[in-house]
$ cat upload13.pdb   # PDB, C-alpha atoms and all ligand atoms
ATOM      1  CA  MET A  23     -12.493 -14.919   3.018
ATOM      2  CA  ALA A  24      -9.637 -12.442   2.482
ATOM      3  CA  LYS A  25     -10.599  -8.857   1.668
ATOM      4  CA  VAL A  26      -8.292  -6.794  -0.512
ATOM      5  CA  ILE A  27      -7.507  -3.452   1.116
ATOM      6  CA  LEU A  28      -5.584  -0.628  -0.488
ATOM      7  CA  ASP A  29      -3.713   1.048   2.369
ATOM      8  CA  MET A  30      -1.561   4.107   1.729
ATOM      9  CA  SER A  31      -0.487   7.444   3.148
ATOM     10  CA  MET A  32      -1.427  10.411   0.998
ATOM     11  CA  SER A  33      -1.038  14.190   1.044
ATOM     12  CA  LEU A  34      -4.196  16.277   1.118
ATOM     13  CA  ASP A  35      -3.706  17.007  -2.593
ATOM     14  CA  GLY A  36      -3.469  13.334  -3.512
ATOM     15  CA  PHE A  37       0.253  12.526  -3.692
ATOM     16  CA  ILE A  38       1.786   9.357  -2.207
ATOM     17  CA  SER A  39       5.325  10.615  -2.581
ATOM     18  CA  ALA A  40       7.054  13.909  -3.166
ATOM     19  CA  PRO A  41       9.338  14.314  -6.224
ATOM     20  CA  ASN A  42      12.208  11.792  -6.509
ATOM     21  CA  ASP A  43      10.393   9.289  -4.286
ATOM     22  CA  GLU A  44      10.932  11.482  -1.200
ATOM     23  CA  ASP A  45       8.400  10.651   1.489
ATOM     24  CA  GLY A  46       8.042  14.294   2.534
ATOM     25  CA  GLY A  47       6.945  13.294   6.045
ATOM     26  CA  LEU A  48       3.990  11.191   4.805
ATOM     27  CA  HIS A  49       4.988   8.336   7.092
ATOM     28  CA  ASN A  50       5.831  10.253  10.274
ATOM     29  CA  TRP A  51       2.478   9.221  11.770
ATOM     30  CA  TYR A  52       3.580   5.584  11.311
ATOM     31  CA  PHE A  53       7.146   5.813  12.572
ATOM     32  CA  SER A  54       6.334   8.055  15.574
ATOM     33  CA  PRO A  55       2.713   7.175  16.187
ATOM     34  CA  SER A  56       0.323   8.745  18.653
ATOM     35  CA  SER A  57      -1.502   6.221  20.847
ATOM     36  CA  VAL A  58      -4.503   6.524  18.524
ATOM     37  CA  SER A  59      -2.435   5.834  15.393
ATOM     38  CA  ALA A  60      -0.581   3.030  17.205
ATOM     39  CA  ALA A  61      -3.928   1.253  17.554
ATOM     40  CA  VAL A  62      -4.593   1.699  13.818
ATOM     41  CA  ILE A  63      -1.176   0.192  13.068
ATOM     42  CA  ALA A  64      -1.715  -2.713  15.485
ATOM     43  CA  GLU A  65      -5.079  -3.472  13.887
ATOM     44  CA  LEU A  66      -3.496  -3.431  10.433
ATOM     45  CA  ILE A  67      -0.643  -5.730  11.418
ATOM     46  CA  ASP A  68      -3.018  -8.138  13.134
ATOM     47  CA  SER A  69      -5.519  -8.316  10.256
ATOM     48  CA  THR A  70      -3.032  -8.578   7.390
ATOM     49  CA  GLY A  71      -2.349 -12.021   5.928
ATOM     50  CA  ALA A  72      -0.406 -10.983   2.836
ATOM     51  CA  ILE A  73       0.998  -7.805   1.341
ATOM     52  CA  MET A  74       1.006  -6.934  -2.349
ATOM     53  CA  MET A  75       3.361  -4.378  -3.818
ATOM     54  CA  GLY A  76       5.019  -3.284  -7.026
ATOM     55  CA  ARG A  77       8.667  -3.738  -7.825
ATOM     56  CA  ARG A  78       9.498  -0.049  -7.288
ATOM     57  CA  ALA A  79       8.009  -0.029  -3.792
ATOM     58  CA  TYR A  80       9.893  -3.274  -3.059
ATOM     59  CA  ASN A  81      13.172  -1.810  -4.354
ATOM     60  CA  LEU A  82      12.815   1.323  -2.236
ATOM     61  CA  GLY A  83      12.144  -0.764   0.874
ATOM     62  CA  ASP A  84      15.163  -2.932   0.068
ATOM     63  CA  GLN A  85      17.372   0.102  -0.479
ATOM     64  CA  PHE A  86      16.656   1.334   3.069
ATOM     65  CA  ASP A  87      16.796  -2.158   4.680
ATOM     66  CA  GLY A  88      13.079  -1.727   5.293
ATOM     67  CA  TYR A  89      12.442  -5.475   5.573
ATOM     68  CA  VAL A  90      15.019  -6.145   8.277
ATOM     69  CA  ASP A  91      12.719  -5.438  11.245
ATOM     70  CA  ASN A  92       9.507  -5.938   9.340
ATOM     71  CA  PRO A  93       6.515  -6.222  11.723
ATOM     72  CA  TYR A  94       4.442  -7.824   8.930
ATOM     73  CA  LYS A  95       5.434 -11.484   9.246
ATOM     74  CA  VAL A  96       3.363 -12.482   6.220
ATOM     75  CA  PRO A  97       4.138 -13.290   2.573
ATOM     76  CA  HIS A  98       4.897 -10.242   0.424
ATOM     77  CA  ILE A  99       3.711 -10.632  -3.165
ATOM     78  CA  VAL A 100       5.727  -8.448  -5.543
ATOM     79  CA  LEU A 101       4.585  -7.659  -9.101
ATOM     80  CA  THR A 102       7.568  -7.591 -11.420
ATOM     81  CA  HIS A 103       8.701  -8.437 -14.931
ATOM     82  CA  HIS A 104      12.132  -9.551 -13.675
ATOM     83  CA  PRO A 105      12.511 -11.184 -10.234
ATOM     84  CA  PRO A 106      15.700 -10.068  -8.478
ATOM     85  CA  GLU A 107      18.634 -12.426  -8.193
ATOM     86  CA  LYS A 108      19.364 -11.344  -4.619
ATOM     87  CA  ILE A 109      16.446 -11.034  -2.162
ATOM     88  CA  ALA A 110      16.122  -8.125   0.292
ATOM     89  CA  LYS A 111      17.780  -8.528   3.695
ATOM     90  CA  GLY A 112      15.632  -9.823   6.546
ATOM     91  CA  GLU A 113      13.239 -12.676   7.297
ATOM     92  CA  THR A 114      10.373 -11.531   5.054
ATOM     93  CA  ALA A 115       9.121 -14.154   2.577
ATOM     94  CA  PHE A 116       8.773 -12.671  -0.912
ATOM     95  CA  VAL A 117       6.898 -14.141  -3.865
ATOM     96  CA  PHE A 118       7.728 -12.486  -7.193
ATOM     97  CA  VAL A 119       4.815 -12.655  -9.622
ATOM     98  CA  THR A 120       5.430 -12.092 -13.337
ATOM     99  CA  ASP A 121       2.051 -13.046 -14.834
ATOM    100  CA  GLY A 122      -0.057 -10.043 -13.957
ATOM    101  CA  VAL A 123      -2.177  -8.415 -11.325
ATOM    102  CA  GLN A 124      -5.011 -10.983 -11.264
ATOM    103  CA  SER A 125      -2.534 -13.774 -10.632
ATOM    104  CA  ALA A 126      -0.817 -11.705  -7.929
ATOM    105  CA  VAL A 127      -4.125 -11.058  -6.148
ATOM    106  CA  GLU A 128      -5.089 -14.742  -6.344
ATOM    107  CA  GLN A 129      -1.737 -15.794  -4.887
ATOM    108  CA  ALA A 130      -1.979 -13.126  -2.187
ATOM    109  CA  LYS A 131      -5.497 -14.266  -1.223
ATOM    110  CA  ARG A 132      -4.382 -17.876  -0.973
ATOM    111  CA  ALA A 133      -1.453 -16.825   1.198
ATOM    112  CA  ALA A 134      -3.637 -14.609   3.416
ATOM    113  CA  GLY A 135      -6.174 -17.345   4.298
ATOM    114  CA  GLU A 136      -8.840 -15.776   6.527
ATOM    115  CA  LYS A 137      -6.906 -12.524   6.895
ATOM    116  CA  ASN A 138      -6.736  -9.564   4.512
ATOM    117  CA  VAL A 139      -4.556  -8.810   1.532
ATOM    118  CA  VAL A 140      -3.092  -5.333   1.868
ATOM    119  CA  ILE A 141      -1.969  -3.479  -1.242
ATOM    120  CA  GLY A 142       0.841  -1.375   0.177
ATOM    121  CA  GLY A 143       1.866   0.510  -2.969
ATOM    122  CA  GLY A 144       2.996   2.058  -5.047
ATOM    123  CA  ALA A 145       0.665   4.048  -7.245
ATOM    124  CA  ASN A 146       1.117   1.933 -10.371
ATOM    125  CA  THR A 147       0.165  -1.254  -8.521
ATOM    126  CA  ALA A 148      -2.711   0.431  -6.707
ATOM    127  CA  ARG A 149      -4.165   1.741  -9.990
ATOM    128  CA  GLN A 150      -3.954  -1.652 -11.671
ATOM    129  CA  CYS A 151      -5.790  -3.203  -8.735
ATOM    130  CA  LEU A 152      -8.484  -0.492  -8.809
ATOM    131  CA  ASN A 153      -8.868  -0.837 -12.577
ATOM    132  CA  ALA A 154      -9.102  -4.626 -12.283
ATOM    133  CA  GLY A 155     -11.943  -4.221  -9.759
ATOM    134  CA  VAL A 156     -10.202  -6.329  -7.113
ATOM    135  CA  VAL A 157     -10.116  -3.744  -4.290
ATOM    136  CA  ASP A 158     -12.749  -4.272  -1.559
ATOM    137  CA  GLU A 159     -11.732  -1.458   0.785
ATOM    138  CA  ILE A 160      -9.506   1.619   0.792
ATOM    139  CA  GLN A 161      -7.733   2.955   3.859
ATOM    140  CA  ILE A 162      -6.072   6.316   3.331
ATOM    141  CA  HIS A 163      -3.898   7.942   5.972
ATOM    142  CA  LEU A 164      -4.451  11.546   4.938
ATOM    143  CA  ILE A 165      -1.647  13.935   5.866
ATOM    144  CA  PRO A 166      -2.297  17.666   6.232
ATOM    145  CA  VAL A 167       0.253  18.823   3.673
ATOM    146  CA  LEU A 168       0.096  20.041   0.064
ATOM    147  CA  PHE A 169       2.926  18.675  -2.079
ATOM    148  CA  ASN A 170       1.889  20.283  -5.390
ATOM    149  CA  ARG A 171       4.199  17.814  -7.176
ATOM    150  CA  GLY A 172       5.114  14.158  -6.883
ATOM    151  CA  LEU A 173       3.385  10.846  -7.563
ATOM    152  CA  ARG A 174      -0.412  10.887  -7.579
ATOM    153  CA  LEU A 175      -2.349   7.900  -6.320
ATOM    154  CA  PHE A 176      -5.601   8.245  -8.236
ATOM    155  CA  ASP A 177      -4.423   9.267 -11.742
ATOM    156  CA  ASP A 178      -5.310   7.076 -14.730
ATOM    157  CA  ILE A 179      -8.159   5.273 -13.076
ATOM    158  CA  ASN A 180     -10.633   3.826 -15.617
ATOM    159  CA  SER A 181     -13.273   6.361 -16.613
ATOM    160  CA  GLN A 182     -16.051   4.578 -14.715
ATOM    161  CA  ALA A 183     -16.575   6.152 -11.280
ATOM    162  CA  ILE A 184     -15.775   4.026  -8.253
ATOM    163  CA  GLY A 185     -18.390   4.383  -5.521
ATOM    164  CA  LEU A 186     -17.212   4.448  -1.915
ATOM    165  CA  GLU A 187     -18.966   4.168   1.420
ATOM    166  CA  LYS A 188     -17.130   5.857   4.273
ATOM    167  CA  VAL A 189     -17.042   3.381   7.156
ATOM    168  CA  ARG A 190     -14.599   4.992   9.599
ATOM    169  CA  VAL A 191     -12.810   8.255  10.279
ATOM    170  CA  ILE A 192     -10.169   8.536  13.002
ATOM    171  CA  GLU A 193      -8.693  11.973  13.485
ATOM    172  CA  VAL A 194      -5.508  13.048  15.188
ATOM    173  CA  PRO A 195      -3.675  16.308  14.459
ATOM    174  CA  ASN A 196      -0.993  14.876  12.143
ATOM    175  CA  VAL A 197      -3.148  12.367  10.222
ATOM    176  CA  THR A 198      -6.740  11.447   9.436
ATOM    177  CA  HIS A 199      -7.273   7.716   9.027
ATOM    178  CA  LEU A 200     -10.050   7.283   6.453
ATOM    179  CA  HIS A 201     -11.600   3.904   5.711
ATOM    180  CA  PHE A 202     -13.946   3.231   2.789
ATOM    181  CA  LYS A 203     -15.750   0.225   1.339
ATOM    182  CA  VAL A 204     -15.801   0.009  -2.448
ATOM    183  CA  ILE A 205     -19.427  -0.243  -3.550
ATOM    184  CA  GLN A 206     -19.076  -0.192  -7.362
TER     185      GLN A 206
HETATM  186  N1  LIG A 301       2.531   6.770   0.503
HETATM  187  C1  LIG A 301       2.548   5.463   0.611
HETATM  188  O1  LIG A 301       1.813   4.865   1.414
HETATM  189  C2  LIG A 301       3.484   4.665  -0.260
HETATM  190  C3  LIG A 301       3.583   3.282  -0.090
HETATM  191  C4  LIG A 301       4.414   2.568  -0.929
HETATM  192  C5  LIG A 301       5.124   3.216  -1.927
HETATM  193  N2  LIG A 301       5.007   4.566  -2.046
HETATM  194  C6  LIG A 301       5.733   5.276  -3.124
HETATM  195  O2  LIG A 301       5.300   4.771  -4.363
HETATM  196  C7  LIG A 301       6.345   4.940  -5.321
HETATM  197  C8  LIG A 301       6.525   3.641  -6.083
HETATM  198  O3  LIG A 301       5.340   3.426  -6.781
HETATM  199  P1  LIG A 301       5.250   3.291  -8.352
HETATM  200  O4  LIG A 301       3.852   3.589  -8.737
HETATM  201  O5  LIG A 301       6.329   4.089  -8.993
HETATM  202  O6  LIG A 301       5.627   1.773  -8.608
HETATM  203  P2  LIG A 301       5.148   0.376  -7.985
HETATM  204  O7  LIG A 301       3.683   0.194  -8.149
HETATM  205  O8  LIG A 301       5.711   0.198  -6.634
HETATM  206  O9  LIG A 301       5.946  -0.611  -8.954
HETATM  207  C9  LIG A 301       5.745  -0.545 -10.344
HETATM  208  C10 LIG A 301       6.615  -1.615 -10.974
HETATM  209  O10 LIG A 301       6.149  -2.922 -10.603
HETATM  210  C11 LIG A 301       6.268  -3.808 -11.709
HETATM  211  N3  LIG A 301       4.911  -4.148 -12.155
HETATM  212  C12 LIG A 301       3.774  -3.432 -11.932
HETATM  213  N4  LIG A 301       2.729  -4.046 -12.491
HETATM  214  C13 LIG A 301       3.202  -5.170 -13.080
HETATM  215  C14 LIG A 301       2.590  -6.218 -13.820
HETATM  216  N5  LIG A 301       1.263  -6.236 -14.040
HETATM  217  N6  LIG A 301       3.378  -7.210 -14.266
HETATM  218  C15 LIG A 301       4.701  -7.222 -14.013
HETATM  219  N7  LIG A 301       5.343  -6.245 -13.313
HETATM  220  C16 LIG A 301       4.593  -5.241 -12.865
HETATM  221  C17 LIG A 301       7.025  -3.043 -12.793
HETATM  222  O11 LIG A 301       8.410  -3.146 -12.481
HETATM  223  P3  LIG A 301       9.477  -4.009 -13.327
HETATM  224  O12 LIG A 301       9.080  -3.901 -14.782
HETATM  225  O13 LIG A 301      10.778  -3.349 -13.010
HETATM  226  O14 LIG A 301       9.439  -5.389 -12.806
HETATM  227  C18 LIG A 301       6.575  -1.613 -12.500
HETATM  228  O15 LIG A 301       7.449  -0.641 -13.028
HETATM  229  C19 LIG A 301       7.565   5.392  -4.561
HETATM  230  O16 LIG A 301       7.697   6.789  -4.673
HETATM  231  C20 LIG A 301       7.214   5.039  -3.117
HETATM  232  O17 LIG A 301       7.867   5.875  -2.195
HETATM  233  C21 LIG A 301       4.210   5.306  -1.258
END

$ encode --input "upload13.pdb" --output "structure tokens"
Amino acid sequence: MAKVILDMSMSLDGFISAPNDEDGGLHNWYFSPSSVSAAVIAELIDSTGAIMMGRRAYNLGDQFDGYVDNPYKVPHIVLTHHPPEKIAKGETAFVFVTDGVQSAVEQAKRAAGEKNVVIGGGANTARQCLNAGVVDEIQIHLIPVLFNRGLRLFDDINSQAIGLEKVRVIEVPNVTHLHFKVIQ
């Protein structure tokens, strides 16, 4: 049965992007990985059966031709109010979902089969998934930097606390890979 895993890179002070959608080096660990981080990436690619994302994250990927050499050869489920007329370059299969987060998760789970659904961003989509109670696990790639400004991941979460059990910590100098189970 597919698990739903929120997987994002975050600054130590909780931002997933710097102002104006700049990545501020949050993804350096991914694009120039150490051997330890390369194993984390390989595990993620291997275990992912579908990716869920919001329209802004999709647009930013499209803008930088981010789907052209996409290692995730799985359906990408995109939450949007208005599906694009022209699909991003590359071989990635996109499904544009206009009837809400629950429907998107259900479609992603069906597409993922026995593998996991990974929520890859952005913050708006991640929050909706957390608030809908559909997230089973959270993997945060924590970067040792303070942004002070930008887009926060965990703002506007419903008032009820979300309990987490830490199940894995992998440390390298430029990133700490943190993995939690949601135990609400
Ligand atoms: N650090 C990381 O790991 C990471 C990963 C990915 C992205 N990011 C960053 O995250 C930022 C983008 O995130 P974001 O929070 O601004 O936006 P987002 O979650 O990527 O997308 C939000 C958009 O998706 C559509 N949408 C969301 N929920 C919907 C629903 N229930 N029904 C229909 N459409 C829905 C809406 O777009 P429309 O109304 O236009 O359709 C909404 O404006 C960027 O700065 C990006 O760089 C960071």

$ residues_near_point --input "upload13.pdb" --point "(-9.6, -0.7, 2.0)" --cutoff "9 Å" --atoms "only C-alpha atoms" --output "ChimeraX atom specification"
/A:25-29,140-141,157-162,201-204

$ closest_residue --input "upload13.pdb" --among "A:His163, A:His98, A:Arg190, A:Lys137" --to "ligand LIG 301 (chain A)" --atoms "all atoms listed in the file"
A:His163

$ residues_near_ligand --input "upload13.pdb" --ligand "ligand LIG 301 (chain A)" --cutoff "8 Å" --atoms "all atoms listed in the file" --output "PyMOL selection string"
chain A and resi 29-32+37-45+48-49+75-80+82+100-105+119-123+142-148+150+163+173+175

$ atom_distance --input "upload13.pdb" --atom1 "atom CA of A:Phe86" --atom2 "atom CA of A:Gly36"
24.3 Å

$ closest_residue --input "upload13.pdb" --among "A:Leu34, A:Leu66, A:Ile205, A:Ala24" --to "A:Glu136" --atoms "all atoms listed in the file"
A:Ala24

$ closest_residue --input "upload13.pdb" --among "A:Ser33, A:Asn196, A:Thr114, A:Gln206" --to "A:Ile99" --atoms "all atoms listed in the file"
A:Thr114

$ atom_distance --input "upload13.pdb" --atom1 "atom CA of A:Ser57" --atom2 "atom CA of A:Asp91"
20.7 Å

$ residues_around --input "upload13.pdb" --residues "A:Ala115" --least-positions-apart "5" --cutoff "10 Å" --atoms "only C-alpha atoms" --output "number ranges by chain"
A: 89, 95-99, 109-110

$ atom_distance --input "upload13.pdb" --atom1 "atom CA of A:Gln182" --atom2 "atom CA of A:Asn153"
9.2 Å

$ closest_residue --input "upload13.pdb" --among "A:Gly47, A:Gln129, A:Met74, A:Met23" --to "A:Phe169" --atoms "only C-alpha atoms"
A:Gly47

$ closest_residue --input "upload13.pdb" --among "A:Leu164, A:Ala183, A:Val127, A:Ala72" --to "A:Pro195" --atoms "all atoms listed in the file"
A:Leu164

$ closest_residue --input "upload13.pdb" --among "A:Ile73, A:Gly112, A:Phe118, A:Asn81" --to "A:Ala133" --atoms "all atoms listed in the file"
A:Ile73

$ residues_around --input "upload13.pdb" --residues "A:Ser59" --least-positions-apart "6" --cutoff "9 Å" --atoms "all atoms listed in the file" --output "NGL selection string"
:A and (51-52 or 192-194 or 197 or 199)

$ build_atoms --input "upload13.pdb" --residues "stretch 146-177 of chain A" --atoms "N, CA and C atoms" --output "mmCIF file, keeping the file's coordinate frame"
data_model
loop_
_atom_site.group_PDB
_atom_site.id
_atom_site.type_symbol
_atom_site.label_atom_id
_atom_site.label_comp_id
_atom_site.auth_asym_id
_atom_site.auth_seq_id
_atom_site.Cartn_x
_atom_site.Cartn_y
_atom_site.Cartn_z
ATOM 1 N N ASN A 146 1.324 2.747 -9.174
ATOM 2 C CA ASN A 146 1.117 1.933 -10.371
ATOM 3 C C ASN A 146 0.348 0.654 -10.006
ATOM 4 N N THR A 147 0.797 -0.005 -8.960
ATOM 5 C CA THR A 147 0.165 -1.254 -8.521
ATOM 6 C C THR A 147 -1.248 -0.985 -8.004
ATOM 7 N N ALA A 148 -1.397 0.084 -7.239
ATOM 8 C CA ALA A 148 -2.711 0.431 -6.707
ATOM 9 C C ALA A 148 -3.705 0.683 -7.838
ATOM 10 N N ARG A 149 -3.277 1.424 -8.852
ATOM 11 C CA ARG A 149 -4.165 1.741 -9.990
ATOM 12 C C ARG A 149 -4.578 0.478 -10.725
ATOM 13 N N GLN A 150 -3.611 -0.403 -10.963
ATOM 14 C CA GLN A 150 -3.954 -1.652 -11.671
ATOM 15 C C GLN A 150 -4.996 -2.440 -10.888
ATOM 16 N N CYS A 151 -4.837 -2.450 -9.566
ATOM 17 C CA CYS A 151 -5.790 -3.203 -8.735
ATOM 18 C C CYS A 151 -7.171 -2.541 -8.780
ATOM 19 N N LEU A 152 -7.198 -1.198 -8.722
ATOM 20 C CA LEU A 152 -8.484 -0.492 -8.809
ATOM 21 C C LEU A 152 -9.126 -0.741 -10.173
ATOM 22 N N ASN A 153 -8.322 -0.651 -11.229
ATOM 23 C CA ASN A 153 -8.868 -0.837 -12.577
ATOM 24 C C ASN A 153 -9.330 -2.272 -12.822
ATOM 25 N N ALA A 154 -8.706 -3.218 -12.136
ATOM 26 C CA ALA A 154 -9.102 -4.626 -12.283
ATOM 27 C C ALA A 154 -10.318 -4.956 -11.413
ATOM 28 N N GLY A 155 -10.743 -4.007 -10.587
ATOM 29 C CA GLY A 155 -11.943 -4.221 -9.759
ATOM 30 C C GLY A 155 -11.722 -5.200 -8.616
ATOM 31 N N VAL A 156 -10.482 -5.329 -8.153
ATOM 32 C CA VAL A 156 -10.202 -6.329 -7.113
ATOM 33 C C VAL A 156 -10.114 -5.718 -5.707
ATOM 34 N N VAL A 157 -10.281 -4.398 -5.598
ATOM 35 C CA VAL A 157 -10.116 -3.744 -4.290
ATOM 36 C C VAL A 157 -11.474 -3.704 -3.569
ATOM 37 N N ASP A 158 -11.515 -4.260 -2.354
ATOM 38 C CA ASP A 158 -12.749 -4.272 -1.559
ATOM 39 C C ASP A 158 -12.848 -3.040 -0.667
ATOM 40 N N GLU A 159 -11.722 -2.586 -0.157
ATOM 41 C CA GLU A 159 -11.732 -1.458 0.785
ATOM 42 C C GLU A 159 -10.506 -0.577 0.540
ATOM 43 N N ILE A 160 -10.632 0.684 0.926
ATOM 44 C CA ILE A 160 -9.506 1.619 0.792
ATOM 45 C C ILE A 160 -9.292 2.297 2.141
ATOM 46 N N GLN A 161 -8.077 2.203 2.649
ATOM 47 C CA GLN A 161 -7.733 2.955 3.859
ATOM 48 C C GLN A 161 -6.666 3.981 3.471
ATOM 49 N N ILE A 162 -7.004 5.236 3.660
ATOM 50 C CA ILE A 162 -6.072 6.316 3.331
ATOM 51 C C ILE A 162 -5.694 7.021 4.627
ATOM 52 N N HIS A 163 -4.397 7.172 4.840
ATOM 53 C CA HIS A 163 -3.898 7.942 5.972
ATOM 54 C C HIS A 163 -3.583 9.330 5.407
ATOM 55 N N LEU A 164 -4.501 10.247 5.613
ATOM 56 C CA LEU A 164 -4.451 11.546 4.938
ATOM 57 C C LEU A 164 -3.642 12.541 5.772
ATOM 58 N N ILE A 165 -2.596 13.076 5.153
ATOM 59 C CA ILE A 165 -1.647 13.935 5.866
ATOM 60 C C ILE A 165 -1.926 15.396 5.507
ATOM 61 N N PRO A 166 -1.993 16.267 6.520
ATOM 62 C CA PRO A 166 -2.297 17.666 6.232
ATOM 63 C C PRO A 166 -1.104 18.415 5.654
ATOM 64 N N VAL A 167 -0.837 18.135 4.380
ATOM 65 C CA VAL A 167 0.253 18.823 3.673
ATOM 66 C C VAL A 167 -0.141 18.879 2.192
ATOM 67 N N LEU A 168 0.293 19.937 1.515
ATOM 68 C CA LEU A 168 0.096 20.041 0.064
ATOM 69 C C LEU A 168 1.458 19.894 -0.593
ATOM 70 N N PHE A 169 1.632 18.885 -1.426
ATOM 71 C CA PHE A 169 2.926 18.675 -2.079
ATOM 72 C C PHE A 169 3.043 19.446 -3.405
ATOM 73 N N ASN A 170 1.928 19.625 -4.068
ATOM 74 C CA ASN A 170 1.889 20.283 -5.390
ATOM 75 C C ASN A 170 2.526 19.464 -6.508
ATOM 76 N N ARG A 171 3.514 18.636 -6.168
ATOM 77 C CA ARG A 171 4.199 17.814 -7.176
ATOM 78 C C ARG A 171 4.493 16.456 -6.545
ATOM 79 N N GLY A 172 4.780 15.483 -7.412
ATOM 80 C CA GLY A 172 5.114 14.158 -6.883
ATOM 81 C C GLY A 172 4.342 13.087 -7.629
ATOM 82 N N LEU A 173 4.062 11.990 -6.942
ATOM 83 C CA LEU A 173 3.385 10.846 -7.563
ATOM 84 C C LEU A 173 1.949 10.776 -7.044
ATOM 85 N N ARG A 174 1.007 10.919 -7.969
ATOM 86 C CA ARG A 174 -0.412 10.887 -7.579
ATOM 87 C C ARG A 174 -0.914 9.455 -7.461
ATOM 88 N N LEU A 175 -1.782 9.241 -6.483
ATOM 89 C CA LEU A 175 -2.349 7.900 -6.320
ATOM 90 C C LEU A 175 -3.459 7.626 -7.328
ATOM 91 N N PHE A 176 -4.370 8.572 -7.507
ATOM 92 C CA PHE A 176 -5.601 8.245 -8.236
ATOM 93 C C PHE A 176 -5.627 8.750 -9.679
ATOM 94 N N ASP A 177 -4.447 8.960 -10.300
ATOM 95 C CA ASP A 177 -4.423 9.267 -11.742
ATOM 96 C C ASP A 177 -4.680 7.999 -12.544
#
